[in-house]
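Encoded as structure tokens, the structure appears first; notes follow it.
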Amino acid sequence: MAGLANAASAAGASEAKPYTRAVATSAPQNQAPLNATRPEVMQFAEDLASRRNLDPGWVRAAIGQTRLNPTVSRLMQPPAKAFVKNWRAYRGRFIDPVRIAAGVRFWQENRATLARAEQEFGVPAELIVGIIGVETIYGRNTGSFSVLEALTTLAFDFPASHPRAAERSEFFKGEIEQFLTLESRRGATALETLDIKGSYAGAMGMPQFMPSSWIKYAVDFDGDSSIDLWNSPADVIGSVANYFKAFNWQPGMPTHYPVSFDTSRLDMDALMAADILPTFGVASFTAKGAVLEGAALEHKGPLALIELLNGPEAPSYVAGTENFYTITRYNWSSYYAMAVIELGDEVKRGMNGVVGR
């Protein structure tokens, strides 16, 4: 999801049309007290209204109707036991016939818009399609949690067992502020703010933008003077492309190259020290035992060694470029980035097959 570590600004989020509201899945009655009964939450509401010049009664009513959602809190807790990463298993969750076929249909239906976004922002159509497919299967699954209730749960009841609980709580307080700013511009009633559905972390729409990312990066790409990331594929496409441009996507640069190793001079500790941050020039990279071929040897920017664990099997490796790192700004995971890249590639192959018939 876009924006779990990004601040927001006031650009680009004016007068969006009403959301199409998802229907929440059935769940046991939430018996937690209303946040209206919690003084610290109501003080936050007062302070937010003052900072944003919003109606204090409206802000109190909106936040006060929320409760702690125990499912949201549980989903944010660290796993009870160590999780063994497995790229092949992870890949299988996202690169499958159903998602590929849905991607081909999405591309066919939005071919001109994707081409326009690629020309305007420099972001390949397959990457945009890959993001939307991994996030929500092209809008099929945009989430069934109340966004406001998820945000208030994570702001005021973030699991204390999480190693970054205090930092995360502050982040989600900021997201409440951005979300209510959006809703006030929309003219939503306090009750309507509770009815907007998204992920358990508060991400919204086809591209799963956090409220701060919506405000900062979403664009009106269909020209109707509004932004709708649920129902306007054009706005979704343009907003995803704009997000990557904002995070320094470099047109024409590959995302990664194949890599192998010369074990006689391999310094794996040095190669892995920078994690996924591109750090090494080609000469430095190969001097440490990484083996590149062809176009990779002519690459001008820095590289990172990307390790993808495969459970009990040998890891997979690629040489990641600055564009690979840009994809991880959408979701800070190399596994996620590779899934986006490979889904986009599979959909592009499917498109080529359709065109070739």
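By order of appearance in the structure tokens: chains A, B, ..., then residues from 1 within every chain, and ligands from 1 in the order shown.
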
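Near region 257-272 of chain A, within 6 Å and counting only C-alpha atoms, sit Lys288, Gly289, Ala290, Val291, Leu292, Val318 and Ala319 of chain A, not including residues fewer than 6 positions from it in the same chain.
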
With N, CA and C atoms retained, export the selected residues as a PDB file, in the first residue's frame.
```pdb
ATOM      1  N   LYS A 288      33.486  -7.126  -5.689  1.00  0.00           N
ATOM      2  CA  LYS A 288      33.117  -7.882  -4.489  1.00  0.00           C
ATOM      3  C   LYS A 288      32.566  -9.257  -4.821  1.00  0.00           C
ATOM      4  N   GLY A 289      32.689  -9.658  -6.079  1.00  0.00           N
ATOM      5  CA  GLY A 289      32.333 -11.017  -6.454  1.00  0.00           C
ATOM      6  C   GLY A 289      31.008 -11.183  -7.153  1.00  0.00           C
ATOM      7  N   ALA A 290      30.280 -10.103  -7.379  1.00  0.00           N
ATOM      8  CA  ALA A 290      29.050 -10.193  -8.157  1.00  0.00           C
ATOM      9  C   ALA A 290      29.403 -10.239  -9.643  1.00  0.00           C
ATOM     10  N   VAL A 291      28.728 -11.071 -10.396  1.00  0.00           N
ATOM     11  CA  VAL A 291      29.001 -11.237 -11.825  1.00  0.00           C
ATOM     12  C   VAL A 291      27.821 -10.712 -12.626  1.00  0.00           C
ATOM     13  N   LEU A 292      28.076  -9.719 -13.456  1.00  0.00           N
ATOM     14  CA  LEU A 292      27.073  -9.130 -14.331  1.00  0.00           C
ATOM     15  C   LEU A 292      27.436  -9.411 -15.778  1.00  0.00           C
ATOM     16  N   VAL A 318      18.999 -10.825  -7.440  1.00  0.00           N
ATOM     17  CA  VAL A 318      19.068  -9.952  -8.606  1.00  0.00           C
ATOM     18  C   VAL A 318      19.871  -8.720  -8.208  1.00  0.00           C
ATOM     19  N   ALA A 319      20.342  -7.983  -9.217  1.00  0.00           N
ATOM     20  CA  ALA A 319      20.993  -6.699  -8.981  1.00  0.00           C
ATOM     21  C   ALA A 319      19.934  -5.617  -9.177  1.00  0.00           C
TER      22      ALA A 319
END
```

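Counting only C-alpha atoms, region 324-335 of chain A has the following residues at most 8 Å away, ignoring those fewer than 2 positions along the same chain: Met1, Ala2, Gly3, Leu4, Trp87, Tyr90, Arg91, Phe244, Phe247, Asn248, Trp249, Thr255, His256, Ile276, Leu277, Pro278, Ile306, Leu308, Gly320, Thr321, Glu322, Ala337, Met338 and Ala339 of chain A.
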
Give the strand (DSSP E) residues of region 99-281 of chain A, as assigned by DSSP on the backbone, as a ChimeraX atom specification.
-> /A:145-146,197-198,256-258,260-261

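The residue that comes closest to Ser161 (chain A), out of A:Ala117, A:Pro315, A:Ile196, A:Met76 and on the basis of only C-alpha atoms, is A:Met76.
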
Between A:Gly205, A:Pro163, A:Gly187, A:Pro78, smallest distance to Glu135 (chain A) by only C-alpha atoms belongs to A:Gly205

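Of the residues listed (A:Ala304, A:Val104, A:Leu54, A:Leu154), A:Ala304 shows the shortest atom-to-atom separation from Ala273 (chain A); distances use only C-alpha atoms.
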
Tell me which protein, DNA and RNA residues are within 7 Å of Asp235 (chain A), counting only C-alpha atoms, leaving out same-chain ones fewer than 4 positions away, and put them as a VMD selection string.
-> chain A and resid 219 to 222 227 to 229 239

Taking the DSSP secondary structure from the backbone, can you list the residues of region 30-245 of chain A that are helix (DSSP H, G or I), as a CSV table (one decimal) with N, CA and C atoms, in the first residue's frame?
```
chain,number,residue,atom,x,y,z
A,35,ASN,N,-15.1,6.0,21.3
A,35,ASN,CA,-14.0,6.9,21.6
A,35,ASN,C,-14.4,8.3,22.1
A,36,ALA,N,-15.7,8.6,22.0
A,36,ALA,CA,-16.3,9.8,22.6
A,36,ALA,C,-16.1,9.8,24.1
A,37,THR,N,-16.0,8.6,24.7
A,37,THR,CA,-15.8,8.5,26.2
A,37,THR,C,-14.4,8.6,26.7
A,39,PRO,N,-11.2,10.8,27.2
A,39,PRO,CA,-10.7,12.2,27.2
A,39,PRO,C,-9.5,12.5,26.2
A,40,GLU,N,-8.6,11.5,26.2
A,40,GLU,CA,-7.4,11.8,25.4
A,40,GLU,C,-7.7,11.8,23.9
A,41,VAL,N,-8.7,11.0,23.5
A,41,VAL,CA,-9.1,11.0,22.1
A,41,VAL,C,-9.8,12.3,21.8
A,42,MET,N,-10.7,12.7,22.6
A,42,MET,CA,-11.5,13.9,22.4
A,42,MET,C,-10.6,15.2,22.4
A,43,GLN,N,-9.5,15.1,23.2
A,43,GLN,CA,-8.6,16.2,23.2
A,43,GLN,C,-7.8,16.3,21.9
A,44,PHE,N,-7.5,15.1,21.4
A,44,PHE,CA,-6.9,15.0,20.0
A,44,PHE,C,-7.8,15.6,19.0
A,45,ALA,N,-9.1,15.3,19.1
A,45,ALA,CA,-10.1,15.8,18.1
A,45,ALA,C,-10.1,17.3,18.2
A,46,GLU,N,-10.1,17.9,19.4
A,46,GLU,CA,-10.1,19.3,19.5
A,46,GLU,C,-8.9,20.0,18.9
A,47,ASP,N,-7.7,19.4,19.2
A,47,ASP,CA,-6.5,19.9,18.7
A,47,ASP,C,-6.4,19.8,17.1
A,48,LEU,N,-6.9,18.7,16.6
A,48,LEU,CA,-7.0,18.5,15.2
A,48,LEU,C,-7.8,19.6,14.5
A,49,ALA,N,-9.0,19.8,15.1
A,49,ALA,CA,-9.9,20.8,14.5
A,49,ALA,C,-9.3,22.2,14.5
A,50,SER,N,-8.6,22.5,15.6
A,50,SER,CA,-7.9,23.8,15.6
A,50,SER,C,-6.8,23.9,14.6
A,51,ARG,N,-6.0,22.9,14.5
A,51,ARG,CA,-4.9,22.9,13.5
A,51,ARG,C,-5.4,23.1,12.1
A,52,ARG,N,-6.5,22.4,11.8
A,52,ARG,CA,-7.0,22.3,10.4
A,52,ARG,C,-8.1,23.3,10.1
A,56,PRO,N,-15.1,22.0,15.1
A,56,PRO,CA,-14.8,21.1,16.2
A,56,PRO,C,-15.9,20.0,16.5
A,57,GLY,N,-17.2,20.5,16.4
A,57,GLY,CA,-18.3,19.5,16.7
A,57,GLY,C,-18.3,18.4,15.7
A,58,TRP,N,-18.0,18.7,14.4
A,58,TRP,CA,-18.0,17.7,13.4
A,58,TRP,C,-16.8,16.7,13.6
A,59,VAL,N,-15.6,17.2,14.0
A,59,VAL,CA,-14.5,16.3,14.2
A,59,VAL,C,-14.7,15.5,15.4
A,60,ARG,N,-15.3,16.1,16.5
A,60,ARG,CA,-15.5,15.3,17.7
A,60,ARG,C,-16.6,14.2,17.4
A,61,ALA,N,-17.6,14.5,16.6
A,61,ALA,CA,-18.6,13.5,16.3
A,61,ALA,C,-18.1,12.4,15.4
A,62,ALA,N,-17.2,12.8,14.5
A,62,ALA,CA,-16.6,11.8,13.6
A,62,ALA,C,-15.7,10.8,14.3
A,63,ILE,N,-14.8,11.3,15.1
A,63,ILE,CA,-13.9,10.5,15.8
A,63,ILE,C,-14.6,9.8,17.0
A,64,GLY,N,-15.5,10.5,17.6
A,64,GLY,CA,-16.1,9.9,18.8
A,64,GLY,C,-17.0,8.7,18.5
A,70,PRO,N,-10.8,-4.8,17.5
A,70,PRO,CA,-9.8,-5.8,17.9
A,70,PRO,C,-9.1,-6.5,16.7
A,71,THR,N,-9.9,-6.6,15.6
A,71,THR,CA,-9.3,-7.3,14.5
A,71,THR,C,-8.2,-6.5,13.9
A,72,VAL,N,-8.4,-5.2,13.8
A,72,VAL,CA,-7.3,-4.3,13.3
A,72,VAL,C,-6.1,-4.4,14.2
A,73,SER,N,-6.3,-4.4,15.5
A,73,SER,CA,-5.2,-4.4,16.4
A,73,SER,C,-4.4,-5.8,16.3
A,74,ARG,N,-5.2,-6.8,16.1
A,74,ARG,CA,-4.6,-8.2,16.0
A,74,ARG,C,-3.8,-8.3,14.8
A,75,LEU,N,-4.3,-7.7,13.6
A,75,LEU,CA,-3.6,-7.9,12.4
A,75,LEU,C,-2.3,-7.1,12.4
A,87,TRP,N,10.2,-16.6,-1.3
A,87,TRP,CA,9.8,-15.9,-2.5
A,87,TRP,C,8.9,-16.7,-3.4
A,88,ARG,N,9.2,-17.9,-3.6
A,88,ARG,CA,8.4,-18.7,-4.6
A,88,ARG,C,6.9,-18.8,-4.1
A,89,ALA,N,6.8,-19.0,-2.8
A,89,ALA,CA,5.4,-19.0,-2.2
A,89,ALA,C,4.7,-17.7,-2.3
A,90,TYR,N,5.5,-16.6,-2.0
A,90,TYR,CA,5.0,-15.3,-2.1
A,90,TYR,C,4.6,-14.9,-3.5
A,91,ARG,N,5.4,-15.3,-4.5
A,91,ARG,CA,5.1,-15.0,-5.9
A,91,ARG,C,3.8,-15.7,-6.3
A,92,GLY,N,3.7,-16.9,-5.8
A,92,GLY,CA,2.5,-17.7,-6.2
A,92,GLY,C,1.2,-17.1,-5.8
A,93,ARG,N,1.2,-16.2,-4.8
A,93,ARG,CA,0.0,-15.5,-4.3
A,93,ARG,C,-0.4,-14.5,-5.2
A,94,PHE,N,0.5,-13.9,-6.1
A,94,PHE,CA,0.2,-12.8,-6.9
A,94,PHE,C,0.3,-13.0,-8.4
A,97,PRO,N,-3.2,-17.3,-12.8
A,97,PRO,CA,-4.0,-17.0,-14.0
A,97,PRO,C,-5.1,-16.0,-13.9
A,98,VAL,N,-5.8,-16.1,-12.7
A,98,VAL,CA,-6.9,-15.2,-12.5
A,98,VAL,C,-6.5,-13.7,-12.5
A,99,ARG,N,-5.4,-13.4,-11.8
A,99,ARG,CA,-4.9,-12.1,-11.7
A,99,ARG,C,-4.3,-11.6,-13.0
A,100,ILE,N,-3.6,-12.5,-13.7
A,100,ILE,CA,-3.1,-12.1,-15.0
A,100,ILE,C,-4.2,-11.8,-16.0
A,101,ALA,N,-5.2,-12.7,-16.1
A,101,ALA,CA,-6.4,-12.4,-17.0
A,101,ALA,C,-7.1,-11.1,-16.6
A,102,ALA,N,-7.2,-10.8,-15.3
A,102,ALA,CA,-7.9,-9.6,-14.9
A,102,ALA,C,-7.0,-8.4,-15.4
A,103,GLY,N,-5.7,-8.6,-15.3
A,103,GLY,CA,-4.8,-7.5,-15.7
A,103,GLY,C,-4.9,-7.2,-17.2
A,104,VAL,N,-5.0,-8.3,-18.0
A,104,VAL,CA,-5.1,-8.1,-19.4
A,104,VAL,C,-6.4,-7.4,-19.8
A,105,ARG,N,-7.5,-7.7,-19.1
A,105,ARG,CA,-8.7,-7.0,-19.3
A,105,ARG,C,-8.6,-5.5,-18.9
A,106,PHE,N,-8.0,-5.3,-17.8
A,106,PHE,CA,-7.8,-3.9,-17.3
A,106,PHE,C,-7.0,-3.1,-18.4
A,107,TRP,N,-5.9,-3.7,-18.9
A,107,TRP,CA,-5.1,-3.0,-19.8
A,107,TRP,C,-5.8,-2.8,-21.1
A,108,GLN,N,-6.6,-3.8,-21.6
A,108,GLN,CA,-7.4,-3.6,-22.8
A,108,GLN,C,-8.4,-2.5,-22.7
A,109,GLU,N,-9.0,-2.4,-21.5
A,109,GLU,CA,-10.1,-1.4,-21.3
A,109,GLU,C,-9.5,0.0,-21.1
A,111,ARG,N,-6.2,1.1,-22.4
A,111,ARG,CA,-5.0,1.1,-23.2
A,111,ARG,C,-4.6,2.5,-23.4
A,112,ALA,N,-5.5,3.4,-23.8
A,112,ALA,CA,-5.1,4.8,-24.2
A,112,ALA,C,-4.6,5.5,-22.9
A,113,THR,N,-5.3,5.3,-21.8
A,113,THR,CA,-4.9,6.0,-20.6
A,113,THR,C,-3.6,5.6,-20.1
A,114,LEU,N,-3.3,4.3,-20.1
A,114,LEU,CA,-2.0,3.8,-19.7
A,114,LEU,C,-0.9,4.3,-20.6
A,115,ALA,N,-1.2,4.4,-21.9
A,115,ALA,CA,-0.2,5.0,-22.8
A,115,ALA,C,0.1,6.5,-22.5
A,116,ARG,N,-1.0,7.2,-22.2
A,116,ARG,CA,-0.8,8.6,-21.9
A,116,ARG,C,-0.1,8.8,-20.6
A,117,ALA,N,-0.3,7.9,-19.6
A,117,ALA,CA,0.4,8.0,-18.3
A,117,ALA,C,1.9,7.7,-18.5
A,118,GLU,N,2.2,6.7,-19.4
A,118,GLU,CA,3.6,6.3,-19.6
A,118,GLU,C,4.3,7.5,-20.3
A,119,GLN,N,3.6,8.2,-21.2
A,119,GLN,CA,4.2,9.3,-21.9
A,119,GLN,C,4.4,10.5,-21.0
A,120,GLU,N,3.4,10.8,-20.1
A,120,GLU,CA,3.5,12.0,-19.3
A,120,GLU,C,4.4,11.8,-18.1
A,121,PHE,N,4.4,10.6,-17.5
A,121,PHE,CA,5.2,10.4,-16.2
A,121,PHE,C,6.4,9.5,-16.4
A,125,ALA,N,3.7,1.1,-18.6
A,125,ALA,CA,2.3,0.7,-18.3
A,125,ALA,C,2.3,-0.6,-17.5
A,126,GLU,N,3.2,-1.5,-17.8
A,126,GLU,CA,3.2,-2.8,-17.1
A,126,GLU,C,3.5,-2.6,-15.6
A,127,LEU,N,4.2,-1.6,-15.2
A,127,LEU,CA,4.5,-1.4,-13.8
A,127,LEU,C,3.2,-0.9,-13.1
A,128,ILE,N,2.5,0.1,-13.7
A,128,ILE,CA,1.2,0.6,-13.2
A,128,ILE,C,0.2,-0.6,-13.1
A,129,VAL,N,0.1,-1.4,-14.1
A,129,VAL,CA,-0.8,-2.5,-14.1
A,129,VAL,C,-0.4,-3.5,-13.0
A,130,GLY,N,0.9,-3.7,-12.8
A,130,GLY,CA,1.4,-4.6,-11.8
A,130,GLY,C,1.0,-4.2,-10.4
A,131,ILE,N,1.1,-2.9,-10.1
A,131,ILE,CA,0.8,-2.3,-8.8
A,131,ILE,C,-0.7,-2.5,-8.5
A,132,ILE,N,-1.5,-2.1,-9.4
A,132,ILE,CA,-3.0,-2.2,-9.2
A,132,ILE,C,-3.4,-3.7,-9.0
A,133,GLY,N,-2.8,-4.6,-9.8
A,133,GLY,CA,-3.1,-6.0,-9.7
A,133,GLY,C,-2.7,-6.6,-8.3
A,134,VAL,N,-1.5,-6.3,-7.9
A,134,VAL,CA,-1.0,-6.8,-6.6
A,134,VAL,C,-1.9,-6.2,-5.5
A,135,GLU,N,-2.2,-4.9,-5.5
A,135,GLU,CA,-2.9,-4.3,-4.4
A,135,GLU,C,-4.3,-4.8,-4.3
A,136,THR,N,-5.1,-4.8,-5.3
A,136,THR,CA,-6.5,-5.0,-5.2
A,136,THR,C,-7.2,-5.9,-6.3
A,147,VAL,N,-12.3,2.9,7.4
A,147,VAL,CA,-11.0,3.6,7.4
A,147,VAL,C,-10.8,4.4,8.7
A,148,LEU,N,-11.8,5.1,9.1
A,148,LEU,CA,-11.7,6.0,10.2
A,148,LEU,C,-11.5,5.1,11.5
A,149,GLU,N,-12.2,4.1,11.6
A,149,GLU,CA,-12.1,3.2,12.8
A,149,GLU,C,-10.8,2.5,12.8
A,150,ALA,N,-10.3,2.1,11.6
A,150,ALA,CA,-9.0,1.4,11.6
A,150,ALA,C,-7.9,2.4,12.0
A,151,LEU,N,-8.0,3.7,11.5
A,151,LEU,CA,-7.0,4.7,11.8
A,151,LEU,C,-7.0,5.0,13.3
A,152,THR,N,-8.2,5.2,13.9
A,152,THR,CA,-8.3,5.5,15.3
A,152,THR,C,-7.8,4.4,16.2
A,153,THR,N,-8.1,3.2,15.8
A,153,THR,CA,-7.5,2.0,16.5
A,153,THR,C,-6.0,2.0,16.5
A,154,LEU,N,-5.4,2.3,15.4
A,154,LEU,CA,-4.0,2.2,15.3
A,154,LEU,C,-3.3,3.5,15.9
A,155,ALA,N,-4.0,4.6,15.9
A,155,ALA,CA,-3.5,5.8,16.5
A,155,ALA,C,-3.5,5.7,18.1
A,156,PHE,N,-4.6,5.1,18.7
A,156,PHE,CA,-4.7,5.2,20.1
A,156,PHE,C,-4.6,3.8,20.8
A,165,ALA,N,5.9,0.9,18.3
A,165,ALA,CA,4.5,1.2,18.6
A,165,ALA,C,4.3,2.7,18.7
A,166,ALA,N,5.2,3.4,19.5
A,166,ALA,CA,5.0,4.9,19.7
A,166,ALA,C,5.1,5.6,18.3
A,167,GLU,N,6.1,5.2,17.5
A,167,GLU,CA,6.2,5.9,16.2
A,167,GLU,C,5.0,5.6,15.3
A,168,ARG,N,4.6,4.4,15.3
A,168,ARG,CA,3.4,4.0,14.5
A,168,ARG,C,2.2,4.8,14.9
A,169,SER,N,2.0,4.9,16.2
A,169,SER,CA,0.8,5.6,16.7
A,169,SER,C,0.8,7.0,16.2
A,170,GLU,N,1.9,7.7,16.3
A,170,GLU,CA,2.0,9.1,15.8
A,170,GLU,C,1.7,9.1,14.3
A,171,PHE,N,2.2,8.2,13.5
A,171,PHE,CA,2.0,8.2,12.1
A,171,PHE,C,0.4,8.1,11.8
A,172,PHE,N,-0.3,7.2,12.5
A,172,PHE,CA,-1.7,7.0,12.3
A,172,PHE,C,-2.5,8.2,12.8
A,173,LYS,N,-2.0,8.9,13.8
A,173,LYS,CA,-2.7,10.2,14.2
A,173,LYS,C,-2.6,11.2,13.0
A,174,GLY,N,-1.5,11.2,12.4
A,174,GLY,CA,-1.4,12.1,11.2
A,174,GLY,C,-2.3,11.6,10.1
A,175,GLU,N,-2.5,10.3,9.9
A,175,GLU,CA,-3.4,9.9,8.9
A,175,GLU,C,-4.8,10.2,9.2
A,176,ILE,N,-5.2,10.2,10.4
A,176,ILE,CA,-6.6,10.6,10.8
A,176,ILE,C,-6.8,12.1,10.3
A,177,GLU,N,-5.8,12.9,10.6
A,177,GLU,CA,-5.9,14.3,10.2
A,177,GLU,C,-6.0,14.5,8.7
A,178,GLN,N,-5.3,13.7,8.0
A,178,GLN,CA,-5.4,13.8,6.5
A,178,GLN,C,-6.7,13.3,6.0
A,179,PHE,N,-7.2,12.2,6.6
A,179,PHE,CA,-8.5,11.6,6.2
A,179,PHE,C,-9.6,12.5,6.4
A,180,LEU,N,-9.7,13.1,7.6
A,180,LEU,CA,-10.7,14.0,7.9
A,180,LEU,C,-10.7,15.3,7.1
A,181,THR,N,-9.4,15.7,6.8
A,181,THR,CA,-9.3,16.9,5.9
A,181,THR,C,-9.9,16.5,4.5
A,182,LEU,N,-9.7,15.4,4.0
A,182,LEU,CA,-10.3,14.9,2.7
A,182,LEU,C,-11.8,14.9,2.9
A,183,GLU,N,-12.3,14.4,4.0
A,183,GLU,CA,-13.8,14.2,4.2
A,183,GLU,C,-14.5,15.6,4.3
A,184,SER,N,-13.8,16.5,5.0
A,184,SER,CA,-14.4,17.8,5.1
A,184,SER,C,-14.5,18.5,3.8
A,185,ARG,N,-13.5,18.4,2.9
A,185,ARG,CA,-13.6,19.0,1.6
A,185,ARG,C,-14.7,18.3,0.8
A,186,ARG,N,-15.0,17.1,1.1
A,186,ARG,CA,-16.1,16.4,0.4
A,186,ARG,C,-17.5,16.8,0.9
A,190,ALA,N,-20.6,13.5,9.7
A,190,ALA,CA,-19.8,12.7,10.6
A,190,ALA,C,-20.1,11.2,10.4
A,191,LEU,N,-21.3,10.9,10.3
A,191,LEU,CA,-21.7,9.5,10.1
A,191,LEU,C,-21.1,8.9,8.8
A,192,GLU,N,-21.1,9.7,7.8
A,192,GLU,CA,-20.6,9.2,6.5
A,192,GLU,C,-19.1,8.9,6.6
A,193,THR,N,-18.4,9.7,7.4
A,193,THR,CA,-16.9,9.4,7.5
A,193,THR,C,-16.7,8.0,8.0
A,194,LEU,N,-17.6,7.4,8.8
A,194,LEU,CA,-17.4,6.1,9.3
A,194,LEU,C,-17.6,5.0,8.3
A,211,PRO,N,-4.4,8.0,3.4
A,211,PRO,CA,-4.9,9.4,3.2
A,211,PRO,C,-3.9,10.4,2.8
A,212,SER,N,-2.7,10.3,3.5
A,212,SER,CA,-1.6,11.3,3.2
A,212,SER,C,-1.1,11.2,1.8
A,213,SER,N,-1.1,9.9,1.3
A,213,SER,CA,-0.6,9.7,-0.1
A,213,SER,C,-1.7,10.2,-1.1
A,214,TRP,N,-3.0,10.1,-0.7
A,214,TRP,CA,-4.1,10.6,-1.6
A,214,TRP,C,-3.9,12.1,-1.7
A,215,ILE,N,-3.7,12.8,-0.6
A,215,ILE,CA,-3.6,14.2,-0.6
A,215,ILE,C,-2.4,14.7,-1.4
A,216,LYS,N,-1.3,14.0,-1.3
A,216,LYS,CA,0.0,14.4,-1.9
A,216,LYS,C,0.2,14.0,-3.3
A,217,TYR,N,-0.3,12.8,-3.7
A,217,TYR,CA,0.1,12.2,-5.0
A,217,TYR,C,-1.1,12.0,-5.9
A,233,PRO,N,-10.7,4.5,-13.3
A,233,PRO,CA,-9.4,3.9,-13.6
A,233,PRO,C,-8.4,4.9,-14.1
A,234,ALA,N,-8.9,5.9,-14.8
A,234,ALA,CA,-7.9,7.0,-15.2
A,234,ALA,C,-7.2,7.7,-14.0
A,235,ASP,N,-8.0,8.0,-13.0
A,235,ASP,CA,-7.4,8.7,-11.9
A,235,ASP,C,-6.5,7.7,-11.1
A,236,VAL,N,-6.8,6.5,-11.1
A,236,VAL,CA,-6.0,5.5,-10.4
A,236,VAL,C,-4.7,5.3,-11.2
A,237,ILE,N,-4.7,5.2,-12.5
A,237,ILE,CA,-3.5,5.1,-13.3
A,237,ILE,C,-2.6,6.3,-13.2
A,238,GLY,N,-3.2,7.5,-13.3
A,238,GLY,CA,-2.4,8.7,-13.2
A,238,GLY,C,-1.8,8.9,-11.9
A,239,SER,N,-2.6,8.5,-10.8
A,239,SER,CA,-2.1,8.7,-9.5
A,239,SER,C,-0.9,7.7,-9.2
A,240,VAL,N,-1.0,6.5,-9.6
A,240,VAL,CA,0.1,5.5,-9.4
A,240,VAL,C,1.3,6.0,-10.1
A,241,ALA,N,1.2,6.5,-11.3
A,241,ALA,CA,2.3,7.0,-12.1
A,241,ALA,C,2.9,8.2,-11.5
A,242,ASN,N,2.1,9.1,-11.0
A,242,ASN,CA,2.6,10.3,-10.3
A,242,ASN,C,3.3,10.0,-9.0
A,243,TYR,N,2.8,9.0,-8.3
A,243,TYR,CA,3.5,8.5,-7.1
A,243,TYR,C,5.0,8.1,-7.4
A,244,PHE,N,5.1,7.3,-8.5
A,244,PHE,CA,6.5,6.8,-8.8
A,244,PHE,C,7.4,8.0,-9.3
A,245,LYS,N,6.8,8.9,-10.1
A,245,LYS,CA,7.5,10.0,-10.6
A,245,LYS,C,8.0,10.8,-9.4
```

By how many Å are CA of Tyr336 (chain A) and CA of Gly281 (chain A) apart?
-> 24.5 Å

Go ahead and compute the interatomic distance for CA of Arg67 (chain A) and CA of Gln31 (chain A), in Å to one decimal.
-> 8.4 Å

Hey, which of A:Tyr200, A:Ala296, A:Glu313, A:Leu305 ends up closest to Phe280 (chain A)? Count only C-alpha atoms.
-> A:Leu305

Just how far from CA of Pro254 (chain A) is CA of Lys348 (chain A), in Å to one decimal?
-> 15.5 Å
